[in-house]
2 protein chains.
Amino acid sequence: MKITTNIKELQQRTSEWIAQGKKIGFVPTMGFLHEGHEALLKKARLENDLVVLSIFVNPLQFGANEDLDSYPRDQKHDKEIAEKHGVDVIFLPDEQTMYPNPLSINLTVVRRTDVLCGRSRPGHFDGVATVLTKLFNIVRPSRVYFGLKDAQQIAVVDALLEDLNFPIELIAVPTVREEDGLAKSSRNVNLLDQERKEAPYVQQALQCGRQHVENGETNPEKVIEKVRQFLEKKTHGKIDYIELLSYPMLQRVETIDQQVILATAVYFQNARLIDNVIFNEYGIKTLG
Amino acid sequence: MKITTNIKELQQRTSEWIAQGKKIGFVPTMGFLHEGHEALLKKARLENDLVVLSIFVNPLQFGANEDLDSYPRDQKHDKEIAEKHGVDVIFLPDEQTMYPNPLSINLTVVRRTDVLCGRSRPGHFDGVATVLTKLFNIVRPSRVYFGLKDAQQIAVVDALLEDLNFPIELIAVPTVREEDGLAKSSRNVNLLDQERKEAPYVQQALQCGRQHVENGETNPEKVIEKVRQFLEKKTHGKIDYIELLSYPMLQRVETIDQQVILATAVYFQNARLIDNVIFNEYGIKTLG
């Protein structure tokens with residue numbers, strides 16, 4: 001396994017691979033790898049000749065009130081995980097390497113952002129789109145892997161690839177869950193004992209909403225109400241949002257007549273949990 | 001020579017070439033090809049295994065007051081020129097192909113644009129950057145060719161490649177000139193007889209300014225004044241601008257201590273002529 005911090009060196013290497021007809025699978029991360037990332041690496045390893053993992057805590061996607069400096073880092077553990085999953089190259093640039101000068105070109109994401117978690121993070125997806133465009137041009141992958149836990153990020157990447165014609169296949173990998181259904185997250189350790197018992201109801205509430213559609217409901221408001229009732233009955237969490245939107249367009253729908261996402265964010269005392277389910281007009285799960 | 005209007009088909013073809021280790025030279029144009037474009041095609045043919053020419057009149061780079069519909073078109077002649085220079089593929093998309101949906105991702109160029117011709121064309125280079133990003137991802141060239149006649153466009157493309165890490169070499173091709181030194185342009189036919197006689201003085205005025213630096217002048221204002229006097233004495237044209245800026249950064253300089261561009265735009269009765277010269281702190285021409 002190679003580790004490089006240098007853009008030109010990696011570009012040289014990936015250009016040679018491509019000229020040899022090799023396919024590159026790419027897993028972009030901010031490090032502090034957990035089982036969710038491992039699922040991405042596993043799939044990338046299976047589907048490609050070569051696997052590149054990038055670890056870069058991208059300052060551009062953090063808001064002024066979000067603490068970039070306290071973002072968790074553990075390079076030693078990350079390298080062990082990468083080694084275990086047969087990663088060929090880790091790209092580990094520093095900020096000066098990625099942003100040596102003030103940018104002359106600004107990317108802004110003007111759709112799919114003013115909903116779900118994006119509403120409270122203005123500029124976040126501009127930073128995501130900018131760093132990914134740079135990374136795609138450095139790594140030049142055939143396939144890129146993201147987890148469906150952050151379904152809005154996948155929707156934005158879908159728009160980025162489509163609008164700018166990147167010749168890259170987007171692979172959306174199902175959310176990794178605990179045995180009781182709770183989506184894995186580094187934040188779960190912050191749940192109090194009683195909250196940890198209630199946390200699986202977040203996914204159950206969404207499934208209850210989906211079931212409602214499977215049973216014939218087509219009104220988004222009624223589905224959302226069902227999820228709200230379930231959450232309020234089963235947990236002490238404070239609901240941030242429950243939304244039902246077309247997927248991946250992330251637009252409001254009058255009636256459920258296409259693929260949609262039903263997503264929620266719930267505040268517990270020391271942790272905010274997010275989860276989602278994606279299904280079609282018959283209530284059948286289509287992704288994840 | 002292949003002609004294609006389809007993005008996926010071209011992407012499939014260029015991916016195969018790249019996987020065979022072939023280098024692609026790319027000449028993006030808006031068609032109505034003249035000798036300036038021919039110089040680009042000739043150089044691309046010499047330096048690459050394959051040459052792709054794109055012809056697309058990009059609506060995104062036209063302002064509201066600029067007449068997109070009257071932009072000259074002559075596909076028959078363009079195809080003859082392409083054939084003559086051994087082009088392998090002409091990419092000839094329509095607007096629906098390039099912009100099938102409203103864009104979710106916006107590119108804006110926030111430096112190098114508020115000077116020279118860019119000052120009077122707000123948004124122009126945003127459109128250029130957007131279409132080029134798309135074309136680069138479709139064609140995936142090793143080298144891209146632009147003419148130095150539009151030196152500001154080259155400066156913007158330089159920023160685009162640098163900021164977004166495109167693995168593409170930018171080749172700046174010298175301006176093609178008439179025997180008397182007038183830069184070739186489809187607009188030259190609009191010059192009146194007397195104006196055509198005066199037009200070569202545009203380049204001569206710039207060379208006079210450059211000579212002044214070669215003789216030891218380091219003050220930009222004095223060089224600009226020299227060019228102004230020369231133009232006013234030798235032509236009846238109305239000066240739009242004369243600017244001296246660092247190149248390719250296009251920033252104002254206090255003193256000439258690095259590579260700079262000296263550029264002008266002059267209105268004649270039915271034609272606006274632009275020209276430039278690029279030189280270093282010793283007044284020695286460095287590009288073009």
# chains A, B, ... in the order shown; residues from 1 in each chain; ligands from 1
>>> interface_residues(of="chain B", to="chain A", cutoff="10 Å", atoms="only C-alpha atoms", output="MDAnalysis selection string")
chainID B and resid 7:8 11:12 15:23 98:113 126 129:140 156 159:168 249
>>> atom_distance(atom1="CA of Phe125 in chain B", atom2="CA of Asp275 in chain B")
18.6 Å
>>> atom_distance(atom1="CA of Leu53 in chain B", atom2="CA of Asp88 in chain B")
8.1 Å
>>> residues_around(residues="Pro220 in chain A", least_positions_apart="5", cutoff="8 Å", atoms="only C-alpha atoms", output="NGL selection string")
:A and (244 or 253-256)
>>> write_last_selection(atoms="all heavy atoms", output="mmCIF file, in the first residue's frame")
data_model
loop_
_atom_site.group_PDB
_atom_site.id
_atom_site.type_symbol
_atom_site.label_atom_id
_atom_site.label_comp_id
_atom_site.auth_asym_id
_atom_site.auth_seq_id
_atom_site.Cartn_x
_atom_site.Cartn_y
_atom_site.Cartn_z
ATOM 1 N N LEU A 244 -40.350 14.129 3.196
ATOM 2 C CA LEU A 244 -40.551 13.144 2.133
ATOM 3 C C LEU A 244 -40.388 13.898 0.810
ATOM 4 O O LEU A 244 -41.139 14.839 0.528
ATOM 5 C CB LEU A 244 -41.934 12.505 2.245
ATOM 6 C CG LEU A 244 -42.172 11.277 1.352
ATOM 7 C CD1 LEU A 244 -43.222 10.354 1.965
ATOM 8 C CD2 LEU A 244 -42.539 11.634 -0.075
ATOM 9 N N VAL A 253 -43.131 16.692 -3.332
ATOM 10 C CA VAL A 253 -44.109 16.061 -4.223
ATOM 11 C C VAL A 253 -45.498 16.219 -3.619
ATOM 12 O O VAL A 253 -45.676 16.177 -2.400
ATOM 13 C CB VAL A 253 -43.796 14.560 -4.464
ATOM 14 C CG1 VAL A 253 -42.512 14.394 -5.258
ATOM 15 C CG2 VAL A 253 -43.696 13.801 -3.142
ATOM 16 N N GLU A 254 -46.491 16.414 -4.498
ATOM 17 C CA GLU A 254 -47.882 16.539 -4.062
ATOM 18 C C GLU A 254 -48.432 15.178 -3.674
ATOM 19 O O GLU A 254 -49.203 15.028 -2.735
ATOM 20 C CB GLU A 254 -48.741 17.086 -5.226
ATOM 21 C CG GLU A 254 -48.418 18.506 -5.645
ATOM 22 C CD GLU A 254 -48.970 19.497 -4.644
ATOM 23 O OE1 GLU A 254 -50.170 19.399 -4.307
ATOM 24 O OE2 GLU A 254 -48.189 20.358 -4.179
ATOM 25 N N THR A 255 -48.006 14.200 -4.498
ATOM 26 C CA THR A 255 -48.475 12.836 -4.280
ATOM 27 C C THR A 255 -47.301 11.889 -4.561
ATOM 28 O O THR A 255 -46.404 12.220 -5.341
ATOM 29 C CB THR A 255 -49.685 12.533 -5.195
ATOM 30 O OG1 THR A 255 -50.114 11.207 -4.952
ATOM 31 C CG2 THR A 255 -49.344 12.681 -6.669
ATOM 32 N N ILE A 256 -47.296 10.745 -3.904
ATOM 33 C CA ILE A 256 -46.142 9.841 -4.041
ATOM 34 C C ILE A 256 -46.324 9.003 -5.306
ATOM 35 O O ILE A 256 -47.044 8.001 -5.305
ATOM 36 C CB ILE A 256 -46.011 8.940 -2.792
ATOM 37 C CG1 ILE A 256 -45.823 9.827 -1.550
ATOM 38 C CG2 ILE A 256 -44.848 7.965 -2.937
ATOM 39 C CD1 ILE A 256 -45.987 9.101 -0.226
#
>>> select_by_dssp(residues="range 19-131 of chain A", states="strand (DSSP E)", output="number ranges by chain")
A: 24-29, 50-55, 89-91, 105-109
>>> closest_atom_pairs(of="range 206-233 of chain B", to="range 187-200 of chain B", cutoff="12 Å", atoms="only C-alpha atoms", output="CSV")
residue,atom,partner,partner_atom,distance
B:Leu206,CA,B:Pro200,CA,10.5
B:Gln207,CA,B:Pro200,CA,11.1
B:Phe230,CA,B:Glu198,CA,11.5
B:Leu231,CA,B:Glu198,CA,9.3
B:Glu232,CA,B:Glu198,CA,10.9
B:Lys233,CA,B:Glu198,CA,10.5
>>> atom_distance(atom1="CA of Ala172 in chain B", atom2="CA of Pro28 in chain B")
12.9 Å
>>> residues_around(residues="Pro248 in chain B", least_positions_apart="4", cutoff="10 Å", atoms="only C-alpha atoms", output="count of residues only")
14
>>> residues_around(residues="Arg121 in chain B", least_positions_apart="6", cutoff="10 Å", atoms="only C-alpha atoms", output="list in words")
Gln61, Phe62, Gly63, Ala64, Asn65, Glu66, Thr113, Asp114 and Val115 of chain B
>>> write_last_selection(atoms="all heavy atoms", output="PDB file, in the first residue's frame")
ATOM      1  N   GLN B  61     -22.305  31.522 -22.538  1.00  0.00           N
ATOM      2  CA  GLN B  61     -21.265  32.550 -22.495  1.00  0.00           C
ATOM      3  C   GLN B  61     -21.658  33.818 -23.245  1.00  0.00           C
ATOM      4  O   GLN B  61     -20.836  34.726 -23.390  1.00  0.00           O
ATOM      5  CB  GLN B  61     -19.935  31.990 -23.006  1.00  0.00           C
ATOM      6  CG  GLN B  61     -19.869  31.691 -24.484  1.00  0.00           C
ATOM      7  CD  GLN B  61     -18.633  30.881 -24.824  1.00  0.00           C
ATOM      8  OE1 GLN B  61     -18.514  29.724 -24.432  1.00  0.00           O
ATOM      9  NE2 GLN B  61     -17.690  31.464 -25.533  1.00  0.00           N
ATOM     10  N   PHE B  62     -22.925  33.870 -23.685  1.00  0.00           N
ATOM     11  CA  PHE B  62     -23.431  35.083 -24.335  1.00  0.00           C
ATOM     12  C   PHE B  62     -24.251  35.887 -23.336  1.00  0.00           C
ATOM     13  O   PHE B  62     -25.081  35.317 -22.620  1.00  0.00           O
ATOM     14  CB  PHE B  62     -24.325  34.721 -25.531  1.00  0.00           C
ATOM     15  CG  PHE B  62     -23.553  34.276 -26.745  1.00  0.00           C
ATOM     16  CD1 PHE B  62     -23.037  32.993 -26.821  1.00  0.00           C
ATOM     17  CD2 PHE B  62     -23.330  35.146 -27.800  1.00  0.00           C
ATOM     18  CE1 PHE B  62     -22.311  32.578 -27.929  1.00  0.00           C
ATOM     19  CE2 PHE B  62     -22.610  34.743 -28.912  1.00  0.00           C
ATOM     20  CZ  PHE B  62     -22.102  33.450 -28.979  1.00  0.00           C
ATOM     21  N   GLY B  63     -24.030  37.187 -23.298  1.00  0.00           N
ATOM     22  CA  GLY B  63     -24.820  38.045 -22.429  1.00  0.00           C
ATOM     23  C   GLY B  63     -26.195  38.304 -23.031  1.00  0.00           C
ATOM     24  O   GLY B  63     -26.449  37.973 -24.195  1.00  0.00           O
ATOM     25  N   ALA B  64     -27.075  38.901 -22.219  1.00  0.00           N
ATOM     26  CA  ALA B  64     -28.445  39.177 -22.658  1.00  0.00           C
ATOM     27  C   ALA B  64     -28.453  40.128 -23.856  1.00  0.00           C
ATOM     28  O   ALA B  64     -29.287  40.027 -24.744  1.00  0.00           O
ATOM     29  CB  ALA B  64     -29.245  39.780 -21.508  1.00  0.00           C
ATOM     30  N   ASN B  65     -27.461  41.050 -23.877  1.00  0.00           N
ATOM     31  CA  ASN B  65     -27.412  42.046 -24.948  1.00  0.00           C
ATOM     32  C   ASN B  65     -26.548  41.594 -26.131  1.00  0.00           C
ATOM     33  O   ASN B  65     -26.335  42.353 -27.073  1.00  0.00           O
ATOM     34  CB  ASN B  65     -26.876  43.381 -24.413  1.00  0.00           C
ATOM     35  CG  ASN B  65     -25.504  43.190 -23.754  1.00  0.00           C
ATOM     36  OD1 ASN B  65     -25.166  42.066 -23.357  1.00  0.00           O
ATOM     37  ND2 ASN B  65     -24.724  44.241 -23.662  1.00  0.00           N
ATOM     38  N   GLU B  66     -26.044  40.356 -26.061  1.00  0.00           N
ATOM     39  CA  GLU B  66     -25.194  39.855 -27.142  1.00  0.00           C
ATOM     40  C   GLU B  66     -26.023  38.915 -28.002  1.00  0.00           C
ATOM     41  O   GLU B  66     -26.752  38.079 -27.478  1.00  0.00           O
ATOM     42  CB  GLU B  66     -23.983  39.114 -26.563  1.00  0.00           C
ATOM     43  CG  GLU B  66     -23.064  40.028 -25.762  1.00  0.00           C
ATOM     44  CD  GLU B  66     -21.980  39.255 -25.005  1.00  0.00           C
ATOM     45  OE1 GLU B  66     -21.918  38.021 -25.139  1.00  0.00           O
ATOM     46  OE2 GLU B  66     -21.223  39.890 -24.271  1.00  0.00           O
ATOM     47  N   THR B 113     -11.215  38.209 -14.306  1.00  0.00           N
ATOM     48  CA  THR B 113     -12.319  38.487 -15.235  1.00  0.00           C
ATOM     49  C   THR B 113     -12.700  39.960 -15.295  1.00  0.00           C
ATOM     50  O   THR B 113     -13.233  40.404 -16.307  1.00  0.00           O
ATOM     51  CB  THR B 113     -13.576  37.689 -14.819  1.00  0.00           C
ATOM     52  OG1 THR B 113     -13.855  37.954 -13.446  1.00  0.00           O
ATOM     53  CG2 THR B 113     -13.350  36.210 -15.018  1.00  0.00           C
ATOM     54  N   ASP B 114     -12.424  40.702 -14.224  1.00  0.00           N
ATOM     55  CA  ASP B 114     -12.907  42.084 -14.169  1.00  0.00           C
ATOM     56  C   ASP B 114     -11.900  43.061 -14.776  1.00  0.00           C
ATOM     57  O   ASP B 114     -11.726  44.173 -14.283  1.00  0.00           O
ATOM     58  CB  ASP B 114     -13.226  42.470 -12.716  1.00  0.00           C
ATOM     59  CG  ASP B 114     -14.086  43.730 -12.656  1.00  0.00           C
ATOM     60  OD1 ASP B 114     -14.774  43.995 -13.660  1.00  0.00           O
ATOM     61  OD2 ASP B 114     -14.020  44.450 -11.647  1.00  0.00           O
ATOM     62  N   VAL B 115     -11.240  42.635 -15.841  1.00  0.00           N
ATOM     63  CA  VAL B 115     -10.258  43.466 -16.554  1.00  0.00           C
ATOM     64  C   VAL B 115     -10.422  43.188 -18.046  1.00  0.00           C
ATOM     65  O   VAL B 115     -11.182  42.300 -18.440  1.00  0.00           O
ATOM     66  CB  VAL B 115      -8.805  43.109 -16.124  1.00  0.00           C
ATOM     67  CG1 VAL B 115      -8.544  43.517 -14.683  1.00  0.00           C
ATOM     68  CG2 VAL B 115      -8.552  41.612 -16.325  1.00  0.00           C
TER      69      VAL B 115
END
>>> residues_around(residues="Phe91 in chain A", least_positions_apart="5", cutoff="7 Å", atoms="only C-alpha atoms", output="CSV table (one decimal) with C-alpha atoms, in the first residue's frame")
chain,number,residue,atom,x,y,z
A,3,ILE,CA,0.6,6.6,0.9
A,4,THR,CA,1.1,9.9,-1.0
A,5,THR,CA,0.5,13.5,-0.1
A,53,LEU,CA,-8.8,6.0,-0.6
A,54,SER,CA,-8.6,9.7,0.1
A,55,ILE,CA,-8.5,11.1,3.6
>>> closest_residue(among="A:Glu281, A:Leu287, A:Gly31, A:Leu10", to="Asn215 in chain A", atoms="only C-alpha atoms")
A:Glu281
